[in-house]
Structures are given as structure tokens and as C-alpha cells.
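Data block below; observations after.
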Amino acid sequence: MAVAVYTEPRMRNLFSFTGSKEPDAAGRKPVHIAVIMDGNGRWAKKRGLPRLAGHRAGSESVRRMLTYCRDAGIRYLTLYAFSTENWSRPKDEVSGLMHLLEGFIKEHESDLLEKQVRLRVIGRRHDLPEKLQTEIARLEKETEAFDRQLLVALSYSGRAELTDAVRRIAERICDGSLRPGEIDETTISANLYAPDVPDPDLIIRTSGEMRISNFLLWECAYSEFYVTPVLWPDFQEQDFLAALDAYAARDRRFGGVKA
Ligand code: FPP
């Protein structure tokens with residue numbers, strides 16, 4: 001006899017999120033979560049603080065988020081930390097953010113190693129200060145054998161990623177190793193910044209804005225979106241669990257119909 005058991009959404013999480021690296025049988029746990037960490041500036045403004053104080057608090061939220069994802073058994077986490085458009089921000093905000101990222105790498109090195117998390121940066125990394133590029137390359141190498149991954153999007157935009165992919169594909173056409181008629185979706189996916197990483201199942205955006213802001217434009221084709229009014233520095237475990245609950249309740253059909 002089949003028994004239907006009703007559980008509150010919050011309780012469902014307690015049963016479903018066991019810390020395993022694989023999605024649960026019903027596929028209700030995201031394998032890959034991507035986050036548009038928005039609202040640092042507004043968080044600071046509300047407190048009469050400089051914008052950089054908001055980014056510093058946002059950096060603390062990143063640290064907490066790594067723990068939530070580890071505890072929930074999320075295999076891939078992608079964070080939108082700096083877009084190609086963010087270079088147009090005031091000079092002191094840009095350099096402050098670069099220092100913050102450098103500090104984050106130094107401070108979290110042991111944490112990433114201990115938690116066995118692989119760091120990867122996606123984006124036009126050659127735009128970044130040289131010292132930051134060196135630190136990133138070092139930590140990427142040190143952590144490359146780990147399964148769980150933290151992808152940080154830096155000097156990243158979805159259009160830049162697609163433009164770079166088109167350039168690489170064009171080079172292959174020029175050197176004769178690819179014919180235009182052979183290009184399909186797999187060819188494009190294979191030329192993105194992290195081709196081996198599955199598309200994000202869930203994209204979380206904080207601060208209530210309803211837009212994609214040039215993030216993972218190719219990869220988000222069938223991602224589930226979750227927007228919360230909470231500002232990124234205020235994002236806590238209950239907000240993370242609420243996003244997982246919302247995801248678990250979605251009916252993903254990928255354009256098809258249920259049998
Ligand atoms: C958007 O908020 C946030 C950013 C452009 C920067 C995000 C960076 C961090 C959270 C800190 C460092 C990151 C890592 C991975 C350690 P906003 O400044 O646009 O906020 P606003 O819309 O309220 O002005």
C-alpha cells in the first residue's frame with residue numbers, strides 16, 4: 001500500500017539533503033548552484049558605510065555559503081564575483097575588490113584544502129592584476145584533484161564567454177581541424193570556460209533584482225531561478241534552505257512532457 005506522507009517544505013530538506021554528492025533519487029537536489037551575489041552596496045549604504053564595507057561583508061557570506069554547500073552535498077558552486085562591466089566602477093571600488101579577492105584566496109587556502117574543494121576561476125583572467133592571477137593559478141593547481149568545486153566568475157560575462165568560444169572555434173576552422181557544418185551545440189559547450197562542469201540547476205539571485213546580468217547565458221538555458229529580496233551580506237542558512245526547498249518543488253521538464 002502506498003502511503004502519502006506530507007512534510008513541510010523545510011522538513012523535506014532535512015530528509016533529502018543527506019550530504020551525498022549525487023542528486024537524490026528524484027533529482028530534487030541541485031548538483032550545481034550558481035549565485036548572483038547582489039546587494040553589497042545597498043547593505044553598506046543602509047548602514048552609512050562605504051561600498052567596500054558591503055563587499056567585505058559579502059566576502060563573509062561567501063565563507064558561510066561554502067559551509068552550507070558542503071553540508072548539503074552540493075558538488076558545484078559558481079559565484080559571480082566580478083563582471084566585465086564591473087571594471088567601469090570607481091577606481092577605488094575596483095582595486096578594493098581586487099584586494100579583497102586576493103585576501104580571500106590567501107585566507108581560504110587552508111580551508112579549501114581541508115574541505116577538499118577545487119578552486120577554478122572562469123572569465124577573462126588576463127584582465128586581472130598579475131599578482132592575483134599568480135595566486136589564482138597557484139591555488140587552482142594545488143586543489144585540482146578535488147571533486148567538489150568552487151567556480152569564481154571574475155572579469156566574466158556570458159557574452160564575453162560566448163565571444164571567446166566563437167574565437168576558438170573560428171581558429172579551428174582556420175587551421176582546418178573543423179568544418180562549419182560540423183559545429184553543433186556540443187562544439188559550443190566544449191569551448192566555454194569550464195566545459196566539463198554541468199549547467200547550473202539552480203541560479204540564486206539576491207537583493208530582489210529580476211535579471212540575469214550577463215551571467216552564464218548559454219549555461220542557464222534550463223536553470224531554475226530563485227530570487228530573494230535578502231541582500232547578499234545578509235544571506236544566511238535559512239535563505240539557502242529556502243532556495244533548496246523552492247528548487248525541490250519545481251517541476252523540471254526541459255521542454256518535454258512528463259511520461
Ligand atoms: C554586487 O553587489 C556584488 C559585486 C559586484 C561584488 C561581489 C563580491 C563579493 C561578494 C566579495 C568577494 C567575492 C569572493 C568570491 C570572495 P553591488 O555592489 O552591485 O550591490 P548594489 O547593487 O547594492 O550596489
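Labels for the C-alpha cells follow display order: chains A, B, ..., residues from 1 in each chain, ligands from 1.
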
Discussion item. What parts of region 202-254 of chain A does DSSP call strand (DSSP E or B)? I'd like the answer as a count of residues only.
Written reply: 8

Find the spatial neighbours of region 221-236 of chain A, counting only C-alpha atoms, within a cut-off of 6 Å - ignore same-chain residues fewer than 2 positions away - and output them as an mmCIF file with C-alpha atoms, in the first residue's frame.
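The new file part-v9.cif reads:
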data_model
loop_
_atom_site.group_PDB
_atom_site.id
_atom_site.type_symbol
_atom_site.label_atom_id
_atom_site.label_comp_id
_atom_site.auth_asym_id
_atom_site.auth_seq_id
_atom_site.Cartn_x
_atom_site.Cartn_y
_atom_site.Cartn_z
ATOM 1 C CA MET A 37 25.656 37.901 -5.184
ATOM 2 C CA ASP A 38 23.869 41.233 -5.353
ATOM 3 C CA GLY A 39 23.183 43.964 -2.812
ATOM 4 C CA ALA A 57 30.562 41.624 4.454
ATOM 5 C CA GLY A 58 29.729 39.868 1.156
ATOM 6 C CA SER A 61 28.719 35.491 3.198
ATOM 7 C CA PRO A 200 23.639 25.123 -13.222
ATOM 8 C CA ASP A 201 20.455 23.512 -11.934
ATOM 9 C CA LEU A 202 19.639 26.454 -9.716
ATOM 10 C CA ILE A 203 20.576 30.130 -10.043
ATOM 11 C CA ILE A 204 20.045 32.206 -6.914
ATOM 12 C CA ARG A 205 19.949 35.989 -7.126
ATOM 13 C CA THR A 206 19.913 38.109 -4.000
ATOM 14 C CA SER A 207 18.588 41.665 -3.494
ATOM 15 C CA GLY A 208 15.370 41.131 -5.432
ATOM 16 C CA GLU A 219 24.524 27.502 -19.455
ATOM 17 C CA GLN A 238 17.660 29.696 6.293
ATOM 18 C CA ASP A 239 17.739 31.596 2.971
#

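The spacing separating CA of Gln149 (chain A) from CA of Arg120 (chain A) amounts to 7.3 Å.
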
Practice prompt. Kindly provide, as number ranges by chain, all nucleotide and amino acid residues lying within 8 Å of ligand 1, counting only C-alpha atoms and all ligand atoms.
Written response: A: 36-44, 51, 54-63, 79-83, 86, 97, 100-101, 104-105, 152, 207, 231-233

File of the preceding selection, N, CA, C and O atoms, as a short mmCIF file (atom, residue, chain, number, x, y, z; two decimals), in the first residue's frame:
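The new file again-v9.cif reads:
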data_model
loop_
_atom_site.label_atom_id
_atom_site.label_comp_id
_atom_site.auth_asym_id
_atom_site.auth_seq_id
_atom_site.Cartn_x
_atom_site.Cartn_y
_atom_site.Cartn_z
N ILE A 36 24.19 34.92 -8.12
CA ILE A 36 24.46 36.34 -8.43
C ILE A 36 24.38 37.05 -7.08
O ILE A 36 23.30 37.26 -6.53
N MET A 37 25.56 37.37 -6.56
CA MET A 37 25.66 37.90 -5.18
C MET A 37 25.43 39.41 -5.24
O MET A 37 26.37 40.18 -5.35
N ASP A 38 24.17 39.81 -5.15
CA ASP A 38 23.87 41.23 -5.35
C ASP A 38 23.43 41.89 -4.04
O ASP A 38 22.85 41.23 -3.17
N GLY A 39 23.71 43.18 -3.94
CA GLY A 39 23.18 43.96 -2.81
C GLY A 39 24.23 44.41 -1.80
O GLY A 39 23.89 44.99 -0.77
N ASN A 40 25.50 44.16 -2.10
CA ASN A 40 26.56 44.58 -1.16
C ASN A 40 26.54 46.10 -0.95
O ASN A 40 26.68 46.58 0.18
N GLY A 41 26.39 46.83 -2.06
CA GLY A 41 26.41 48.30 -1.99
C GLY A 41 25.25 48.82 -1.16
O GLY A 41 25.42 49.70 -0.29
N ARG A 42 24.05 48.27 -1.40
CA ARG A 42 22.86 48.72 -0.65
C ARG A 42 22.98 48.36 0.83
O ARG A 42 22.57 49.12 1.70
N TRP A 43 23.58 47.22 1.11
CA TRP A 43 23.77 46.80 2.50
C TRP A 43 24.64 47.84 3.22
O TRP A 43 24.35 48.25 4.34
N ALA A 44 25.71 48.28 2.53
CA ALA A 44 26.62 49.26 3.14
C ALA A 44 25.92 50.61 3.29
O ALA A 44 26.01 51.26 4.34
N ARG A 51 30.98 51.50 0.21
CA ARG A 51 30.56 50.31 -0.54
C ARG A 51 31.48 49.11 -0.27
O ARG A 51 31.03 47.98 -0.22
N GLY A 54 30.51 46.80 2.31
CA GLY A 54 29.49 45.85 1.85
C GLY A 54 30.14 44.65 1.17
O GLY A 54 29.72 43.51 1.37
N HIS A 55 31.17 44.91 0.38
CA HIS A 55 31.86 43.80 -0.29
C HIS A 55 32.58 42.92 0.73
O HIS A 55 32.63 41.70 0.58
N ARG A 56 33.12 43.58 1.78
CA ARG A 56 33.80 42.79 2.83
C ARG A 56 32.78 41.87 3.52
O ARG A 56 33.04 40.69 3.74
N ALA A 57 31.61 42.44 3.83
CA ALA A 57 30.56 41.62 4.45
C ALA A 57 30.10 40.53 3.49
O ALA A 57 29.79 39.40 3.90
N GLY A 58 30.10 40.86 2.18
CA GLY A 58 29.73 39.87 1.16
C GLY A 58 30.73 38.73 1.11
O GLY A 58 30.36 37.58 0.85
N SER A 59 31.97 39.05 1.39
CA SER A 59 33.01 38.04 1.40
C SER A 59 32.78 37.05 2.56
O SER A 59 33.02 35.84 2.42
N GLU A 60 32.30 37.56 3.68
CA GLU A 60 31.94 36.69 4.82
C GLU A 60 30.80 35.76 4.44
O GLU A 60 30.75 34.60 4.84
N SER A 61 29.85 36.31 3.66
CA SER A 61 28.72 35.49 3.20
C SER A 61 29.22 34.35 2.31
O SER A 61 28.66 33.25 2.33
N VAL A 62 30.25 34.64 1.51
CA VAL A 62 30.83 33.60 0.65
C VAL A 62 31.36 32.47 1.53
O VAL A 62 31.13 31.28 1.27
N ARG A 63 32.06 32.86 2.59
CA ARG A 63 32.63 31.86 3.50
C ARG A 63 31.52 30.97 4.08
O ARG A 63 31.63 29.75 4.10
N LEU A 79 30.11 31.37 -8.25
CA LEU A 79 29.80 32.69 -7.69
C LEU A 79 30.19 33.78 -8.68
O LEU A 79 31.32 33.79 -9.18
N TYR A 80 29.25 34.68 -8.92
CA TYR A 80 29.51 35.81 -9.83
C TYR A 80 30.12 36.92 -9.00
O TYR A 80 29.42 37.65 -8.31
N ALA A 81 31.45 37.03 -9.04
CA ALA A 81 32.13 37.96 -8.13
C ALA A 81 32.53 39.28 -8.80
O ALA A 81 32.64 40.30 -8.13
N PHE A 82 32.77 39.24 -10.12
CA PHE A 82 33.19 40.48 -10.79
C PHE A 82 32.93 40.33 -12.28
O PHE A 82 33.49 39.44 -12.94
N SER A 83 32.08 41.21 -12.81
CA SER A 83 31.73 41.08 -14.23
C SER A 83 32.64 41.94 -15.09
O SER A 83 33.33 42.85 -14.59
N ASN A 86 31.89 45.40 -14.48
CA ASN A 86 32.28 45.99 -13.18
C ASN A 86 33.58 46.79 -13.25
O ASN A 86 33.87 47.60 -12.36
N LEU A 97 38.07 45.70 -4.41
CA LEU A 97 37.54 44.35 -4.69
C LEU A 97 38.67 43.38 -5.05
O LEU A 97 38.67 42.22 -4.61
N LEU A 100 40.38 42.41 -1.95
CA LEU A 100 39.51 41.51 -1.20
C LEU A 100 39.62 40.08 -1.76
O LEU A 100 39.69 39.10 -1.00
N LEU A 101 39.65 39.98 -3.08
CA LEU A 101 39.73 38.66 -3.71
C LEU A 101 41.08 38.01 -3.42
O LEU A 101 41.15 36.81 -3.13
N PHE A 104 40.95 36.88 0.09
CA PHE A 104 40.08 35.70 0.21
C PHE A 104 40.87 34.44 -0.15
O PHE A 104 40.80 33.43 0.55
N ILE A 105 41.65 34.53 -1.22
CA ILE A 105 42.43 33.36 -1.66
C ILE A 105 43.45 32.98 -0.59
O ILE A 105 43.57 31.80 -0.22
N VAL A 152 34.71 30.64 -9.42
CA VAL A 152 34.53 32.07 -9.17
C VAL A 152 34.61 32.79 -10.51
O VAL A 152 35.61 32.67 -11.23
N SER A 207 18.95 40.24 -3.42
CA SER A 207 18.59 41.66 -3.49
C SER A 207 17.38 41.97 -4.37
O SER A 207 17.10 43.13 -4.65
N LEU A 231 19.62 40.84 0.94
CA LEU A 231 20.87 41.35 0.36
C LEU A 231 21.98 40.32 0.62
O LEU A 231 21.96 39.65 1.66
N TRP A 232 22.93 40.23 -0.31
CA TRP A 232 23.92 39.16 -0.20
C TRP A 232 24.62 39.10 1.17
O TRP A 232 24.74 38.02 1.76
N PRO A 233 25.05 40.21 1.75
CA PRO A 233 25.74 40.09 3.05
C PRO A 233 24.84 39.53 4.15
O PRO A 233 25.34 39.03 5.16
#

Item to complete: For CA of Arg47 (chain A) and CA of Glu93 (chain A), determine how far apart the two atoms are, in Å to one decimal place.
Response: 17.4 Å

Item to complete: Could you check how far CA of Ile173 (chain A) sits from CA of Tyr193 (chain A), in Å to one decimal?
Response: 19.3 Å

Practice prompt. Find, counting only C-alpha atoms, the residue in A:Arg179, A:Arg70, A:Arg124, A:Arg75 that gets nearest to Thr163 (chain A).
Written response: A:Arg124

Worksheet item: Got a sec: who's within 8 Å of Ile122 (chain A), counting only C-alpha atoms, leaving out chain neighbours fewer than 6 positions off, as a PyMOL selection string?
Response: chain A and resi 151-154+156+193-194

Write the residues you've just listed into a file as a CSV table (one decimal), in the first residue's frame, and include N, CA and C atoms for each of them.
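Final output, saved to out.csv:
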chain,number,residue,atom,x,y,z
A,151,LEU,N,33.6,27.6,-8.3
A,151,LEU,CA,34.0,28.4,-9.5
A,151,LEU,C,33.7,29.8,-9.2
A,152,VAL,N,34.7,30.6,-9.4
A,152,VAL,CA,34.5,32.1,-9.2
A,152,VAL,C,34.6,32.8,-10.5
A,153,ALA,N,33.5,33.5,-10.8
A,153,ALA,CA,33.5,34.2,-12.1
A,153,ALA,C,34.1,35.6,-11.9
A,154,LEU,N,35.2,35.8,-12.6
A,154,LEU,CA,36.0,37.1,-12.4
A,154,LEU,C,36.3,37.6,-13.8
A,156,TYR,N,34.2,38.3,-15.8
A,156,TYR,CA,33.3,37.4,-16.5
A,156,TYR,C,32.1,38.1,-17.1
A,193,TYR,N,34.2,28.3,-20.8
A,193,TYR,CA,35.4,28.4,-19.8
A,193,TYR,C,35.5,27.1,-19.0
A,194,ALA,N,34.4,26.4,-18.6
A,194,ALA,CA,34.5,25.2,-17.8
A,194,ALA,C,33.6,24.1,-18.4

Item to complete: Excluding Pro129 (chain A) and any residue of its chain fewer than 3 positions from it, enumerate the residues within 10 Å of it, using only C-alpha atoms, and give them as a VMD selection string.
Response: chain A and resid 95 98 to 99 102 125 to 126 132 to 134

Residue selection dump (all heavy atoms) as a short mmCIF file (atom, residue, chain, number, x, y, z; two decimals), in the first residue's frame:
data_model
loop_
_atom_site.label_atom_id
_atom_site.label_comp_id
_atom_site.auth_asym_id
_atom_site.auth_seq_id
_atom_site.Cartn_x
_atom_site.Cartn_y
_atom_site.Cartn_z
N SER A 95 39.81 48.49 -7.14
CA SER A 95 41.05 48.00 -6.52
C SER A 95 40.75 47.37 -5.17
O SER A 95 41.38 46.39 -4.77
CB SER A 95 42.12 49.09 -6.44
OG SER A 95 41.66 50.11 -5.60
N MET A 98 39.64 43.88 -5.83
CA MET A 98 40.78 43.02 -6.21
C MET A 98 41.57 42.60 -4.98
O MET A 98 41.97 41.45 -4.83
CB MET A 98 41.69 43.73 -7.23
CG MET A 98 41.04 43.97 -8.57
SD MET A 98 40.50 42.43 -9.37
CE MET A 98 38.92 42.88 -10.03
N HIS A 99 41.77 43.55 -4.04
CA HIS A 99 42.48 43.22 -2.80
C HIS A 99 41.71 42.21 -1.98
O HIS A 99 42.26 41.29 -1.38
CB HIS A 99 42.71 44.49 -1.97
CG HIS A 99 43.93 45.23 -2.41
ND1 HIS A 99 43.89 46.47 -2.98
CD2 HIS A 99 45.24 44.86 -2.40
CE1 HIS A 99 45.11 46.86 -3.30
NE2 HIS A 99 45.95 45.90 -2.96
N GLU A 102 42.12 38.84 -3.45
CA GLU A 102 43.45 38.32 -3.14
C GLU A 102 43.49 37.81 -1.69
O GLU A 102 43.99 36.73 -1.39
CB GLU A 102 44.46 39.45 -3.31
CG GLU A 102 45.73 39.02 -3.98
CD GLU A 102 46.64 40.22 -4.16
OE1 GLU A 102 46.36 41.03 -5.06
OE2 GLU A 102 47.60 40.34 -3.36
N ARG A 125 40.68 36.09 -17.23
CA ARG A 125 41.60 36.24 -16.10
C ARG A 125 42.82 37.10 -16.43
O ARG A 125 43.43 37.67 -15.54
CB ARG A 125 42.02 34.88 -15.56
CG ARG A 125 42.80 34.06 -16.56
CD ARG A 125 43.35 32.81 -15.92
NE ARG A 125 42.32 31.86 -15.58
CZ ARG A 125 42.43 30.96 -14.61
NH1 ARG A 125 43.53 30.92 -13.89
NH2 ARG A 125 41.47 30.12 -14.38
N HIS A 126 43.15 37.20 -17.73
CA HIS A 126 44.31 38.04 -18.10
C HIS A 126 44.05 39.52 -17.83
O HIS A 126 44.96 40.33 -17.82
CB HIS A 126 44.70 37.80 -19.57
CG HIS A 126 43.53 37.93 -20.50
ND1 HIS A 126 42.77 36.85 -20.89
CD2 HIS A 126 42.98 39.01 -21.09
CE1 HIS A 126 41.79 37.27 -21.69
NE2 HIS A 126 41.90 38.57 -21.82
N LEU A 132 47.22 38.74 -8.51
CA LEU A 132 46.00 37.94 -8.29
C LEU A 132 45.99 36.73 -9.23
O LEU A 132 45.67 35.61 -8.81
CB LEU A 132 44.76 38.82 -8.49
CG LEU A 132 43.39 38.17 -8.30
CD1 LEU A 132 43.25 37.53 -6.92
CD2 LEU A 132 42.26 39.19 -8.51
N GLN A 133 46.38 36.97 -10.49
CA GLN A 133 46.44 35.85 -11.45
C GLN A 133 47.38 34.74 -10.95
O GLN A 133 47.07 33.56 -11.05
CB GLN A 133 46.97 36.34 -12.80
CG GLN A 133 46.01 37.20 -13.58
CD GLN A 133 46.57 37.52 -14.97
OE1 GLN A 133 47.05 36.65 -15.69
NE2 GLN A 133 46.50 38.78 -15.35
N THR A 134 48.53 35.18 -10.38
CA THR A 134 49.51 34.19 -9.90
C THR A 134 48.94 33.40 -8.73
O THR A 134 49.05 32.16 -8.69
CB THR A 134 50.81 34.92 -9.44
OG1 THR A 134 51.18 35.82 -10.47
CG2 THR A 134 51.93 33.96 -9.13
#

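The shortest atom-to-atom distance to Ala137 (chain A), with only C-alpha atoms taken into account, belongs to A:Arg118 out of A:Leu66, A:Arg159, A:Arg250, A:Arg118.
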
Worksheet entry | Nearest-residue call for Ser157 (chain A), choices A:Arg28, A:Lys258, A:Thr67, A:Leu217, using only C-alpha atoms |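 With only C-alpha atoms as the atom set, the closest residue is A:Leu217.
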
Item to complete: From a DSSP pass on the backbone, collect the residues of region 89-223 of chain A flagged as helix (DSSP H, G or I) and hand them back as a PyMOL selection string.
Response: chain A and resi 91-115+125-127+130-143+158-174+180-182+185-190
